[in-house]
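Text of target-v2.txt, listed as compact mmCIF, C-alpha atoms:
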```txt
# COMPACT_ATOMS: atom_id res chain seq x y z
CA MET A 1 -128.94 23.17 71.59
CA PHE A 2 -126.19 23.38 74.22
CA GLN A 3 -123.80 21.58 71.84
CA LYS A 4 -124.51 24.17 69.14
CA VAL A 5 -123.68 26.98 71.57
CA LEU A 6 -120.40 25.30 72.52
CA ALA A 7 -119.56 24.78 68.86
CA THR A 8 -119.77 28.53 68.22
CA PHE A 9 -116.95 28.93 70.76
CA GLY A 10 -114.85 26.18 69.20
CA SER A 11 -115.75 23.38 71.59
CA GLY A 12 -116.98 20.36 69.66
CA GLY A 13 -116.91 22.31 66.40
CA ALA A 14 -115.31 21.51 63.05
CA LYS A 15 -111.50 21.30 62.90
CA ILE A 16 -108.82 21.32 60.24
CA ASP A 17 -105.51 19.50 59.88
CA ALA A 18 -103.32 20.70 57.01
CA ARG A 19 -100.12 19.06 55.84
CA LEU A 20 -97.61 19.78 53.10
CA LEU A 21 -96.89 16.95 50.67
CA ASP A 22 -93.54 18.30 49.48
CA ARG A 23 -90.62 18.11 51.90
CA THR A 24 -88.91 20.92 49.99
CA VAL A 25 -89.89 23.24 47.16
CA SER A 26 -88.24 26.08 45.21
CA PRO A 27 -89.48 29.55 44.25
CA GLY A 28 -91.70 29.58 41.16
CA ARG A 29 -92.90 26.03 41.84
CA PRO A 30 -96.25 24.85 43.26
CA LEU A 31 -96.44 24.08 46.96
CA ARG A 32 -98.64 20.99 47.27
CA GLY A 33 -100.62 19.85 50.28
CA GLU A 34 -103.97 18.73 51.57
CA VAL A 35 -106.42 19.78 54.26
CA LEU A 36 -108.39 17.32 56.34
CA LEU A 37 -111.69 18.92 57.35
CA LEU A 38 -113.16 17.19 60.40
CA GLY A 39 -116.81 17.68 61.33
CA GLY A 40 -117.59 18.37 64.96
CA GLU A 41 -120.53 17.27 67.09
CA VAL A 42 -123.16 19.29 65.21
CA ASP A 43 -123.94 20.40 61.66
CA GLN A 44 -122.11 23.60 60.76
CA GLU A 45 -122.10 26.00 57.83
CA ILE A 46 -118.68 26.68 56.31
CA ASN A 47 -118.29 30.16 54.86
CA GLY A 48 -114.83 29.47 53.51
CA LEU A 49 -111.63 27.44 53.67
CA SER A 50 -108.44 29.12 52.47
CA VAL A 51 -104.66 28.85 52.52
CA LYS A 52 -102.23 31.74 52.36
CA LEU A 53 -98.47 32.16 52.24
CA LEU A 54 -97.02 34.13 55.14
CA ALA A 55 -93.58 35.56 55.86
CA ARG A 56 -92.47 37.21 59.09
CA VAL A 57 -90.67 40.41 58.15
CA THR A 58 -88.84 43.13 60.05
CA LEU A 59 -90.28 46.64 59.86
CA PRO A 60 -87.84 49.34 58.75
CA ASP A 61 -88.76 51.90 61.44
CA GLU A 62 -85.59 52.30 63.54
CA ARG A 63 -87.44 54.16 66.31
CA ARG A 64 -90.12 51.48 66.70
CA PRO A 65 -88.64 48.21 65.45
CA GLY A 66 -90.96 45.26 65.18
CA VAL A 67 -92.09 42.35 63.03
CA GLU A 68 -95.16 41.69 60.92
CA ASP A 69 -96.58 38.62 59.22
CA LEU A 70 -97.14 39.56 55.57
CA GLU A 71 -99.29 37.59 53.14
CA PHE A 72 -97.74 37.06 49.70
CA GLY A 73 -100.11 34.56 48.10
CA SER A 74 -103.44 32.86 48.78
CA GLN A 75 -105.97 30.40 47.45
CA GLN A 76 -109.62 29.77 48.31
CA LEU A 77 -110.33 26.05 48.66
CA ALA A 78 -114.02 25.93 49.62
CA GLY A 79 -116.96 28.12 50.46
CA ASN A 80 -120.66 27.93 51.35
CA GLU A 81 -120.49 24.29 52.36
CA ARG A 82 -122.02 22.25 55.17
CA ILE A 83 -120.02 19.83 57.30
CA GLY A 84 -121.94 17.17 59.19
CA PRO A 85 -121.12 15.63 62.60
CA GLY A 86 -118.04 13.42 62.35
CA GLN A 87 -117.74 13.95 58.59
CA GLN A 88 -114.24 13.86 57.10
CA VAL A 89 -113.32 15.62 53.85
CA ARG A 90 -109.86 15.71 52.27
CA ILE A 91 -109.16 18.73 50.08
CA PRO A 92 -105.93 18.78 48.01
CA PHE A 93 -104.36 22.08 46.99
CA GLU A 94 -101.49 23.64 45.06
CA VAL A 95 -100.30 27.17 45.77
CA ALA A 96 -97.93 28.76 43.26
CA LEU A 97 -94.90 30.20 44.99
CA PRO A 98 -93.81 33.62 43.66
CA TRP A 99 -90.35 33.64 42.09
CA GLU A 100 -89.24 36.04 44.84
CA THR A 101 -90.29 33.67 47.64
CA PRO A 102 -87.54 33.84 50.30
CA ILE A 103 -85.27 30.89 50.90
CA SER A 104 -85.78 29.14 54.23
CA SER A 105 -83.58 26.05 53.76
CA VAL A 106 -80.31 25.20 52.01
CA PHE A 107 -79.37 21.54 51.39
CA GLY A 108 -82.06 20.57 53.92
CA LYS A 109 -80.67 22.80 56.67
CA PRO A 110 -83.01 25.57 57.90
CA LEU A 111 -81.76 29.15 57.64
CA ASN A 112 -81.70 30.82 61.04
CA GLY A 113 -84.11 33.73 61.30
CA MET A 114 -86.53 32.59 58.60
CA ALA A 115 -90.26 32.16 59.31
CA VAL A 116 -92.00 31.31 56.04
CA GLY A 117 -94.98 29.03 55.77
CA LEU A 118 -98.59 28.30 54.95
CA GLN A 119 -101.58 29.29 57.09
CA THR A 120 -104.83 27.37 56.65
CA SER A 121 -107.98 29.10 57.91
CA LEU A 122 -111.51 27.75 58.30
CA ASP A 123 -114.33 30.31 58.42
CA ILE A 124 -117.31 28.81 60.25
CA ALA A 125 -120.63 30.65 60.16
CA ASN A 126 -121.65 32.21 63.51
CA SER A 127 -118.43 31.02 65.16
CA VAL A 128 -116.60 33.17 67.72
CA THR A 129 -113.25 31.41 67.12
CA ASP A 130 -112.25 29.94 63.75
CA PRO A 131 -109.71 27.10 63.43
CA VAL A 132 -106.27 28.00 62.06
CA ASP A 133 -103.37 25.70 61.18
CA VAL A 134 -99.83 26.91 60.37
CA ASP A 135 -97.12 24.84 58.68
CA ALA A 136 -93.53 25.90 58.06
CA ALA A 137 -92.34 25.47 54.47
CA ALA A 138 -88.81 24.45 53.46
CA ILE A 139 -88.01 26.69 50.49
CA GLU A 140 -84.78 25.58 48.80
CA PRO A 141 -82.85 27.94 46.49
CA LEU A 142 -83.09 27.89 42.71
CA PRO A 143 -79.99 26.55 40.88
CA ALA A 144 -78.76 30.11 40.22
CA GLN A 145 -79.23 31.09 43.84
CA LYS A 146 -77.56 27.94 45.08
CA ARG A 147 -74.60 28.53 42.76
CA ILE A 148 -74.01 32.06 44.10
CA LEU A 149 -74.29 30.91 47.71
CA ASP A 150 -71.86 28.09 46.98
CA ALA A 151 -69.43 30.56 45.40
CA PHE A 152 -69.45 32.70 48.55
CA SER A 153 -68.68 29.63 50.62
CA ARG A 154 -65.83 28.62 48.30
CA ILE A 155 -64.11 32.03 48.61
CA GLY A 156 -64.19 31.82 52.41
CA PHE A 157 -67.36 33.68 53.41
CA VAL A 158 -69.34 32.21 56.32
CA PHE A 159 -73.14 32.37 56.62
CA ARG A 160 -74.19 34.47 59.60
CA GLU A 161 -77.96 35.05 59.42
CA ALA A 162 -80.90 35.63 57.12
CA VAL A 163 -83.53 38.34 57.59
CA LEU A 164 -86.63 39.58 55.79
CA GLU A 165 -87.16 43.33 55.59
CA ARG A 166 -90.23 45.20 54.49
CA GLY A 167 -89.45 47.66 51.69
CA ARG A 168 -87.93 47.82 48.24
CA VAL A 169 -84.40 47.53 46.85
CA ASP A 170 -83.32 50.65 44.98
CA GLY A 171 -82.63 50.08 41.30
CA ALA A 172 -84.03 46.53 41.21
CA VAL A 173 -87.15 45.05 39.66
CA GLN A 174 -89.17 43.74 42.59
CA GLN A 175 -92.66 42.24 42.93
CA LEU A 176 -93.10 41.46 46.63
CA PRO A 177 -93.34 44.18 49.33
CA PHE A 178 -90.34 42.73 51.17
CA PHE A 179 -86.91 41.30 50.40
CA GLN A 180 -84.53 38.79 51.92
CA GLU A 181 -80.97 39.47 53.01
CA ILE A 182 -78.61 36.53 53.45
CA ARG A 183 -75.71 37.90 55.47
CA PHE A 184 -72.15 36.61 55.54
CA THR A 185 -69.09 37.19 57.67
CA PRO A 186 -66.32 38.23 55.23
CA SER A 187 -63.41 35.97 54.37
CA PRO A 188 -60.02 36.70 56.00
CA ARG A 189 -58.99 38.58 52.84
CA PHE A 190 -61.88 41.05 53.10
CA ALA A 191 -62.36 41.06 56.89
CA PRO A 192 -60.09 44.13 57.32
CA VAL A 193 -62.30 45.96 54.80
CA PHE A 194 -65.90 44.92 55.37
CA THR A 195 -67.87 44.10 58.48
CA SER A 196 -70.66 42.39 56.56
CA VAL A 197 -71.72 41.28 53.09
CA ALA A 198 -75.40 40.66 52.34
CA VAL A 199 -76.96 38.96 49.31
CA THR A 200 -80.51 39.54 48.06
CA PHE A 201 -82.05 37.40 45.31
CA LEU A 202 -84.87 38.76 43.14
CA SER A 203 -85.74 36.04 40.65
CA SER A 204 -87.96 35.67 37.60
CA PRO A 205 -88.48 32.69 35.27
CA SER A 206 -85.46 33.60 33.09
CA GLU A 207 -83.00 35.35 35.40
CA THR A 208 -82.04 36.20 38.97
CA GLN A 209 -81.05 39.68 40.05
CA VAL A 210 -78.29 39.42 42.65
CA VAL A 211 -78.02 42.46 44.89
CA LEU A 212 -74.84 42.69 46.98
CA GLU A 213 -74.62 45.03 49.93
CA VAL A 214 -71.31 45.52 51.73
CA THR A 215 -70.75 47.49 54.91
CA LYS A 216 -67.23 48.84 55.15
CA ARG A 217 -65.35 48.78 58.38
CA VAL A 218 -64.89 52.09 60.18
CA ARG A 219 -61.33 53.28 59.66
CA VAL A 220 -59.17 55.02 62.20
CA SER A 221 -57.84 58.35 60.92
CA LYS A 222 -54.21 59.45 61.23
CA SER A 223 -55.21 61.80 64.04
CA GLY A 224 -56.45 58.83 66.02
CA GLY A 225 -60.15 59.54 65.62
CA PHE A 226 -62.73 57.34 63.89
CA GLY A 227 -63.99 58.14 60.43
CA GLY A 228 -67.72 57.86 61.17
CA ARG A 229 -70.13 54.97 60.90
CA GLY A 230 -69.56 52.20 58.38
CA GLN A 231 -70.74 53.06 54.88
CA GLU A 232 -72.87 50.73 52.81
CA PHE A 233 -72.44 50.03 49.08
CA LEU A 234 -74.92 48.35 46.76
CA GLY A 235 -74.07 46.47 43.60
CA LEU A 236 -76.39 44.53 41.28
CA PHE A 237 -75.77 42.00 38.56
CA LYS A 238 -78.01 39.53 36.74
CA VAL A 239 -77.64 35.78 36.36
CA ASP A 240 -79.10 34.32 33.17
CA HIS A 241 -80.55 30.96 34.21
CA ALA A 242 -79.76 29.46 30.81
CA ALA A 243 -76.10 30.55 31.00
CA LEU A 244 -75.48 29.80 34.65
CA GLU A 245 -72.59 27.39 34.12
CA ARG A 246 -70.75 29.59 31.63
CA VAL A 247 -69.49 31.95 34.32
CA LYS A 248 -66.88 31.29 36.99
CA TRP A 249 -68.68 32.95 39.85
CA GLU A 250 -65.91 32.77 42.46
CA PRO A 251 -63.55 35.21 40.66
CA GLN A 252 -66.58 37.24 39.56
CA LEU A 253 -67.61 37.89 43.18
CA GLU A 254 -64.06 38.45 44.39
CA GLY A 255 -63.45 40.89 41.56
CA TRP A 256 -66.50 42.99 42.38
CA LEU A 257 -65.66 43.09 46.10
CA HIS A 258 -62.07 43.99 45.27
CA GLU A 259 -63.23 46.90 43.11
CA VAL A 260 -65.46 48.23 45.93
CA ALA A 261 -62.55 48.05 48.36
CA LYS A 262 -60.15 49.55 45.82
CA ALA A 263 -62.50 52.47 45.18
CA ARG A 264 -62.20 53.35 48.85
CA GLY A 265 -58.42 53.36 48.65
CA ILE A 266 -58.09 50.23 50.74
CA PHE A 267 -56.75 47.80 48.15
CA ASP A 268 -54.19 48.68 45.52
```

Output the file's structure as structure tokens, nothing else.
Amino acid sequence: MFQKVLATFGSGGAKIDARLLDRTVSPGRPLRGEVLLLGGEVDQEINGLSVKLLARVTLPDERRPGVEDLEFGSQQLAGNERIGPGQQVRIPFEVALPWETPISSVFGKPLNGMAVGLQTSLDIANSVTDPVDVDAAAIEPLPAQKRILDAFSRIGFVFREAVLERGRVDGAVQQLPFFQEIRFTPSPRFAPVFTSVAVTFLSSPSETQVVLEVTKRVRVSKSGGFGGRGQEFLGLFKVDHAALERVKWEPQLEGWLHEVAKARGIFD
């Protein structure tokens, strides 16, 4: 009886050990793994075993900034089961990643600032504390996303940070309640014009919307004063996955950035 009481508080109760089978995965693909369910010292009723995709996002409130872990996919693996003392059960799973799943790794290198992964939760009947296991997932970019990122690197832009923000992108088709910004330090050519350039990918099976946000540098007026805070500009274009290699993306990006700068009277 004493062992049953301890098990309700997590001591000697059932445990879980989840692991991902894929070292890397891309948006729109299944994330494969398995859960090892380990029985404790007594029989226990299992109400449910589930996995869910989580992303740590920044809240948009400037007065009370903070972060929140948002769920963007889930799957129930088991329910209304009994696990005996010392029993071991392996449960495989596949969770479909949304096409807008944020990137957390590029060429095997983690993106700073990204916290995206899978949380496995075991719901034990009459238990005060339920076991939870969290595993980080390495989400590599789609070919279209990788090509755009490579183009930025080739024209001299340097990766600075990646962030997830809760909210929606104006003028874009978006499914998830948050979006990713991959921010770059401008190349020497554009450094006098922009302080930052951010890229957001919103993908679907056939195309990727590429949202570019540039923040222009504050200019000093002829009177010696400053012309106010930097202004932000949004541009959006679409990449057809089937026609990805037909476009030379380096001059395409430079041309768009040049037009934004030219519109402000900075470039001739």

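Around the point (-72.5, 50.4, 45.9), within 12 Å and counting all atoms listed in the file, we find these residues: Asp170, Gly171, Val197, Val211, Leu212, Glu213, Val214, Thr215, Lys216, Gln231, Glu232, Phe233, Leu234, Gly235, Leu236, Phe237, Trp256, Leu257, Glu259, Val260, Ala261, Ala263 and Arg264 of chain A.
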
Please produce an output containing C-alpha atoms for each residue in the selection, written as a CSV table (one decimal), keeping the file's coordinate frame.
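Okay, result-v7.csv is ready:
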```csv
chain,number,residue,atom,x,y,z
A,170,ASP,CA,-83.3,50.6,45.0
A,171,GLY,CA,-82.6,50.1,41.3
A,197,VAL,CA,-71.7,41.3,53.1
A,211,VAL,CA,-78.0,42.5,44.9
A,212,LEU,CA,-74.8,42.7,47.0
A,213,GLU,CA,-74.6,45.0,49.9
A,214,VAL,CA,-71.3,45.5,51.7
A,215,THR,CA,-70.8,47.5,54.9
A,216,LYS,CA,-67.2,48.8,55.2
A,231,GLN,CA,-70.7,53.1,54.9
A,232,GLU,CA,-72.9,50.7,52.8
A,233,PHE,CA,-72.4,50.0,49.1
A,234,LEU,CA,-74.9,48.4,46.8
A,235,GLY,CA,-74.1,46.5,43.6
A,236,LEU,CA,-76.4,44.5,41.3
A,237,PHE,CA,-75.8,42.0,38.6
A,256,TRP,CA,-66.5,43.0,42.4
A,257,LEU,CA,-65.7,43.1,46.1
A,259,GLU,CA,-63.2,46.9,43.1
A,260,VAL,CA,-65.5,48.2,45.9
A,261,ALA,CA,-62.6,48.0,48.4
A,263,ALA,CA,-62.5,52.5,45.2
A,264,ARG,CA,-62.2,53.4,48.8
```

Need the shell around Phe184 in chain A: protein/DNA/RNA residues with any atom at most 9 Å away, counting all atoms listed in the file. Skip same-chain ones fewer than 2 positions apart. Format as a PyMOL selection string?
chain A and resi 152+157-162+182+186-187+196-199

Selection above as a file: C-alpha atoms, as a PDB file, in the coordinates of the input:
```
ATOM      1  CA  PHE A 152     -69.450  32.700  48.550  1.00  0.00           C
ATOM      2  CA  PHE A 157     -67.360  33.680  53.410  1.00  0.00           C
ATOM      3  CA  VAL A 158     -69.340  32.210  56.320  1.00  0.00           C
ATOM      4  CA  PHE A 159     -73.140  32.370  56.620  1.00  0.00           C
ATOM      5  CA  ARG A 160     -74.190  34.470  59.600  1.00  0.00           C
ATOM      6  CA  GLU A 161     -77.960  35.050  59.420  1.00  0.00           C
ATOM      7  CA  ALA A 162     -80.900  35.630  57.120  1.00  0.00           C
ATOM      8  CA  ILE A 182     -78.610  36.530  53.450  1.00  0.00           C
ATOM      9  CA  PRO A 186     -66.320  38.230  55.230  1.00  0.00           C
ATOM     10  CA  SER A 187     -63.410  35.970  54.370  1.00  0.00           C
ATOM     11  CA  SER A 196     -70.660  42.390  56.560  1.00  0.00           C
ATOM     12  CA  VAL A 197     -71.720  41.280  53.090  1.00  0.00           C
ATOM     13  CA  ALA A 198     -75.400  40.660  52.340  1.00  0.00           C
ATOM     14  CA  VAL A 199     -76.960  38.960  49.310  1.00  0.00           C
TER      15      VAL A 199
END
```

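The space separating CA of Ala138 in chain A from CA of Leu118 in chain A comes to 10.6 Å.
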
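Excluding Val163 in chain A itself and any same-chain residue fewer than 2 positions from it, the protein and nucleic acid residues within 6 Å of it, counting only C-alpha atoms, are Gly113, Gln180 and Glu181 of chain A.
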
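Taking all atoms listed in the file into account, Ala14 in chain A lies nearest to A:Arg82 out of the set A:Arg32, A:Arg82, A:Arg56, A:His258.
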
In Å to one decimal, how far is CA of Arg166 in chain A from CA of Pro141 in chain A?
20.4 Å

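Interatomic distance, CA of Phe179 in chain A against CA of Phe194 in chain A: 21.9 Å.
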
Nearest-residue call for Asp17 in chain A, choices A:Pro110, A:Pro131, A:Pro188, A:Gly84, using all atoms listed in the file:
A:Pro131

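Distance check against Lys248 in chain A using only C-alpha atoms: of A:Val89, A:Val169, A:Ile148, A:Ile16, the minimum falls on A:Ile148.
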
Exercise: Ile124 in chain A partners within 10 Å, only C-alpha atoms, chain neighbours under 6 positions left out, as a PDB file with C-alpha atoms, keeping the file's coordinate frame:
```pdb
ATOM      1  CA  ALA A   7    -119.560  24.780  68.860  1.00  0.00           C
ATOM      2  CA  THR A   8    -119.770  28.530  68.220  1.00  0.00           C
ATOM      3  CA  GLY A  10    -114.850  26.180  69.200  1.00  0.00           C
ATOM      4  CA  GLY A  13    -116.910  22.310  66.400  1.00  0.00           C
ATOM      5  CA  ALA A  14    -115.310  21.510  63.050  1.00  0.00           C
ATOM      6  CA  LYS A  15    -111.500  21.300  62.900  1.00  0.00           C
ATOM      7  CA  GLN A  44    -122.110  23.600  60.760  1.00  0.00           C
ATOM      8  CA  GLU A  45    -122.100  26.000  57.830  1.00  0.00           C
ATOM      9  CA  ILE A  46    -118.680  26.680  56.310  1.00  0.00           C
ATOM     10  CA  ASN A  47    -118.290  30.160  54.860  1.00  0.00           C
ATOM     11  CA  GLY A  48    -114.830  29.470  53.510  1.00  0.00           C
ATOM     12  CA  LEU A  49    -111.630  27.440  53.670  1.00  0.00           C
ATOM     13  CA  GLY A  79    -116.960  28.120  50.460  1.00  0.00           C
ATOM     14  CA  ASN A  80    -120.660  27.930  51.350  1.00  0.00           C
ATOM     15  CA  GLU A  81    -120.490  24.290  52.360  1.00  0.00           C
ATOM     16  CA  ARG A  82    -122.020  22.250  55.170  1.00  0.00           C
ATOM     17  CA  ILE A  83    -120.020  19.830  57.300  1.00  0.00           C
ATOM     18  CA  ASP A 130    -112.250  29.940  63.750  1.00  0.00           C
ATOM     19  CA  PRO A 131    -109.710  27.100  63.430  1.00  0.00           C
TER      20      PRO A 131
END
```

Neighbouring residues of Ala96 in chain A were defined as those with any atom within 8 Å, considering only C-alpha atoms; residues of the same chain fewer than 2 positions away were excluded. Please report them as a list of chain:residue names.
A:Gly28, A:Arg29, A:Pro30, A:Leu31, A:Gly73, A:Glu94, A:Pro98

Would you put the residues from that selection into a file with C-alpha atoms, as a PDB file, keeping the file's coordinate frame?
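part34.pdb, written as the output of this step:
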```
ATOM      1  CA  GLY A  28     -91.700  29.580  41.160  1.00  0.00           C
ATOM      2  CA  ARG A  29     -92.900  26.030  41.840  1.00  0.00           C
ATOM      3  CA  PRO A  30     -96.250  24.850  43.260  1.00  0.00           C
ATOM      4  CA  LEU A  31     -96.440  24.080  46.960  1.00  0.00           C
ATOM      5  CA  GLY A  73    -100.110  34.560  48.100  1.00  0.00           C
ATOM      6  CA  GLU A  94    -101.490  23.640  45.060  1.00  0.00           C
ATOM      7  CA  PRO A  98     -93.810  33.620  43.660  1.00  0.00           C
TER       8      PRO A  98
END
```

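Residue nearest Leu164 in chain A, chosen from A:Pro251, A:Gly66, A:Pro92, A:Gly33 and counting only C-alpha atoms: A:Gly66.
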
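Minimum atom-to-atom distance to Leu202 in chain A, evaluated using only C-alpha atoms, belongs to A:Lys238 out of A:Val116, A:Ala137, A:Lys238, A:Leu70.
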
For Val35 in chain A, find every residue with an atom within 6 Å (counting only C-alpha atoms), except residues of its own chain fewer than 6 positions away, and show them as an MDAnalysis selection string.
chainID A and resid 17:18 90:91

Nearest to Asp61 in chain A, chosen from A:Thr195, A:Asp123, A:Thr101, A:Glu165, with all atoms listed in the file counted in the distances
A:Glu165

Return range 128-150 of chain A, completed with N, CA, C and O atoms, as a PDB file, in the coordinates of the input.
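Ended up saving to out-v7.pdb:
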```
ATOM      1  N   VAL A 128    -117.389  32.128  67.049  1.00  0.00           N
ATOM      2  CA  VAL A 128    -116.600  33.170  67.720  1.00  0.00           C
ATOM      3  C   VAL A 128    -115.113  32.975  67.423  1.00  0.00           C
ATOM      4  O   VAL A 128    -114.366  33.924  67.206  1.00  0.00           O
ATOM      5  N   THR A 129    -114.654  31.731  67.419  1.00  0.00           N
ATOM      6  CA  THR A 129    -113.250  31.410  67.120  1.00  0.00           C
ATOM      7  C   THR A 129    -113.190  30.450  65.938  1.00  0.00           C
ATOM      8  O   THR A 129    -113.867  29.423  65.946  1.00  0.00           O
ATOM      9  N   ASP A 130    -112.394  30.782  64.936  1.00  0.00           N
ATOM     10  CA  ASP A 130    -112.250  29.940  63.750  1.00  0.00           C
ATOM     11  C   ASP A 130    -110.932  29.178  63.807  1.00  0.00           C
ATOM     12  O   ASP A 130    -109.902  29.732  64.196  1.00  0.00           O
ATOM     13  N   PRO A 131    -110.947  27.898  63.413  1.00  0.00           N
ATOM     14  CA  PRO A 131    -109.710  27.100  63.430  1.00  0.00           C
ATOM     15  C   PRO A 131    -108.668  27.626  62.451  1.00  0.00           C
ATOM     16  O   PRO A 131    -108.987  28.037  61.342  1.00  0.00           O
ATOM     17  N   VAL A 132    -107.397  27.588  62.887  1.00  0.00           N
ATOM     18  CA  VAL A 132    -106.270  28.000  62.060  1.00  0.00           C
ATOM     19  C   VAL A 132    -105.150  26.977  62.235  1.00  0.00           C
ATOM     20  O   VAL A 132    -104.893  26.514  63.343  1.00  0.00           O
ATOM     21  N   ASP A 133    -104.498  26.630  61.142  1.00  0.00           N
ATOM     22  CA  ASP A 133    -103.370  25.700  61.180  1.00  0.00           C
ATOM     23  C   ASP A 133    -102.207  26.327  60.423  1.00  0.00           C
ATOM     24  O   ASP A 133    -102.393  26.850  59.319  1.00  0.00           O
ATOM     25  N   VAL A 134    -100.999  26.294  60.992  1.00  0.00           N
ATOM     26  CA  VAL A 134     -99.830  26.910  60.370  1.00  0.00           C
ATOM     27  C   VAL A 134     -98.744  25.852  60.199  1.00  0.00           C
ATOM     28  O   VAL A 134     -98.429  25.111  61.134  1.00  0.00           O
ATOM     29  N   ASP A 135     -98.181  25.794  58.988  1.00  0.00           N
ATOM     30  CA  ASP A 135     -97.120  24.840  58.680  1.00  0.00           C
ATOM     31  C   ASP A 135     -95.933  25.568  58.071  1.00  0.00           C
ATOM     32  O   ASP A 135     -96.092  26.335  57.109  1.00  0.00           O
ATOM     33  N   ALA A 136     -94.747  25.313  58.622  1.00  0.00           N
ATOM     34  CA  ALA A 136     -93.530  25.900  58.060  1.00  0.00           C
ATOM     35  C   ALA A 136     -93.200  25.227  56.742  1.00  0.00           C
ATOM     36  O   ALA A 136     -93.394  24.017  56.583  1.00  0.00           O
ATOM     37  N   ALA A 137     -92.701  26.015  55.780  1.00  0.00           N
ATOM     38  CA  ALA A 137     -92.340  25.470  54.470  1.00  0.00           C
ATOM     39  C   ALA A 137     -90.833  25.563  54.273  1.00  0.00           C
ATOM     40  O   ALA A 137     -90.217  26.581  54.579  1.00  0.00           O
ATOM     41  N   ALA A 138     -90.255  24.477  53.751  1.00  0.00           N
ATOM     42  CA  ALA A 138     -88.810  24.450  53.460  1.00  0.00           C
ATOM     43  C   ALA A 138     -88.609  24.874  52.010  1.00  0.00           C
ATOM     44  O   ALA A 138     -88.833  24.096  51.082  1.00  0.00           O
ATOM     45  N   ILE A 139     -88.209  26.139  51.825  1.00  0.00           N
ATOM     46  CA  ILE A 139     -88.010  26.690  50.490  1.00  0.00           C
ATOM     47  C   ILE A 139     -86.526  26.618  50.146  1.00  0.00           C
ATOM     48  O   ILE A 139     -85.708  27.329  50.728  1.00  0.00           O
ATOM     49  N   GLU A 140     -86.175  25.749  49.222  1.00  0.00           N
ATOM     50  CA  GLU A 140     -84.780  25.580  48.800  1.00  0.00           C
ATOM     51  C   GLU A 140     -84.458  26.553  47.658  1.00  0.00           C
ATOM     52  O   GLU A 140     -85.335  26.922  46.882  1.00  0.00           O
ATOM     53  N   PRO A 141     -83.209  26.980  47.535  1.00  0.00           N
ATOM     54  CA  PRO A 141     -82.850  27.940  46.490  1.00  0.00           C
ATOM     55  C   PRO A 141     -82.948  27.362  45.090  1.00  0.00           C
ATOM     56  O   PRO A 141     -82.814  26.147  44.881  1.00  0.00           O
ATOM     57  N   LEU A 142     -83.171  28.256  44.123  1.00  0.00           N
ATOM     58  CA  LEU A 142     -83.090  27.890  42.710  1.00  0.00           C
ATOM     59  C   LEU A 142     -81.631  27.560  42.374  1.00  0.00           C
ATOM     60  O   LEU A 142     -80.720  27.943  43.107  1.00  0.00           O
ATOM     61  N   PRO A 143     -81.377  26.860  41.257  1.00  0.00           N
ATOM     62  CA  PRO A 143     -79.990  26.550  40.880  1.00  0.00           C
ATOM     63  C   PRO A 143     -79.088  27.778  40.826  1.00  0.00           C
ATOM     64  O   PRO A 143     -77.932  27.720  41.280  1.00  0.00           O
ATOM     65  N   ALA A 144     -79.584  28.898  40.301  1.00  0.00           N
ATOM     66  CA  ALA A 144     -78.760  30.110  40.220  1.00  0.00           C
ATOM     67  C   ALA A 144     -78.453  30.643  41.615  1.00  0.00           C
ATOM     68  O   ALA A 144     -77.324  31.063  41.902  1.00  0.00           O
ATOM     69  N   GLN A 145     -79.438  30.626  42.479  1.00  0.00           N
ATOM     70  CA  GLN A 145     -79.230  31.090  43.840  1.00  0.00           C
ATOM     71  C   GLN A 145     -78.259  30.184  44.591  1.00  0.00           C
ATOM     72  O   GLN A 145     -77.359  30.653  45.300  1.00  0.00           O
ATOM     73  N   LYS A 146     -78.431  28.901  44.406  1.00  0.00           N
ATOM     74  CA  LYS A 146     -77.560  27.940  45.080  1.00  0.00           C
ATOM     75  C   LYS A 146     -76.112  28.081  44.593  1.00  0.00           C
ATOM     76  O   LYS A 146     -75.169  27.973  45.394  1.00  0.00           O
ATOM     77  N   ARG A 147     -75.950  28.376  43.310  1.00  0.00           N
ATOM     78  CA  ARG A 147     -74.600  28.530  42.760  1.00  0.00           C
ATOM     79  C   ARG A 147     -73.894  29.749  43.351  1.00  0.00           C
ATOM     80  O   ARG A 147     -72.694  29.682  43.668  1.00  0.00           O
ATOM     81  N   ILE A 148     -74.613  30.850  43.520  1.00  0.00           N
ATOM     82  CA  ILE A 148     -74.010  32.060  44.100  1.00  0.00           C
ATOM     83  C   ILE A 148     -73.677  31.825  45.574  1.00  0.00           C
ATOM     84  O   ILE A 148     -72.596  32.211  46.049  1.00  0.00           O
ATOM     85  N   LEU A 149     -74.565  31.195  46.298  1.00  0.00           N
ATOM     86  CA  LEU A 149     -74.290  30.910  47.710  1.00  0.00           C
ATOM     87  C   LEU A 149     -73.090  29.982  47.846  1.00  0.00           C
ATOM     88  O   LEU A 149     -72.250  30.157  48.742  1.00  0.00           O
ATOM     89  N   ASP A 150     -72.994  29.004  46.956  1.00  0.00           N
ATOM     90  CA  ASP A 150     -71.860  28.090  46.980  1.00  0.00           C
ATOM     91  C   ASP A 150     -70.559  28.828  46.670  1.00  0.00           C
ATOM     92  O   ASP A 150     -69.517  28.551  47.272  1.00  0.00           O
TER      93      ASP A 150
END
```
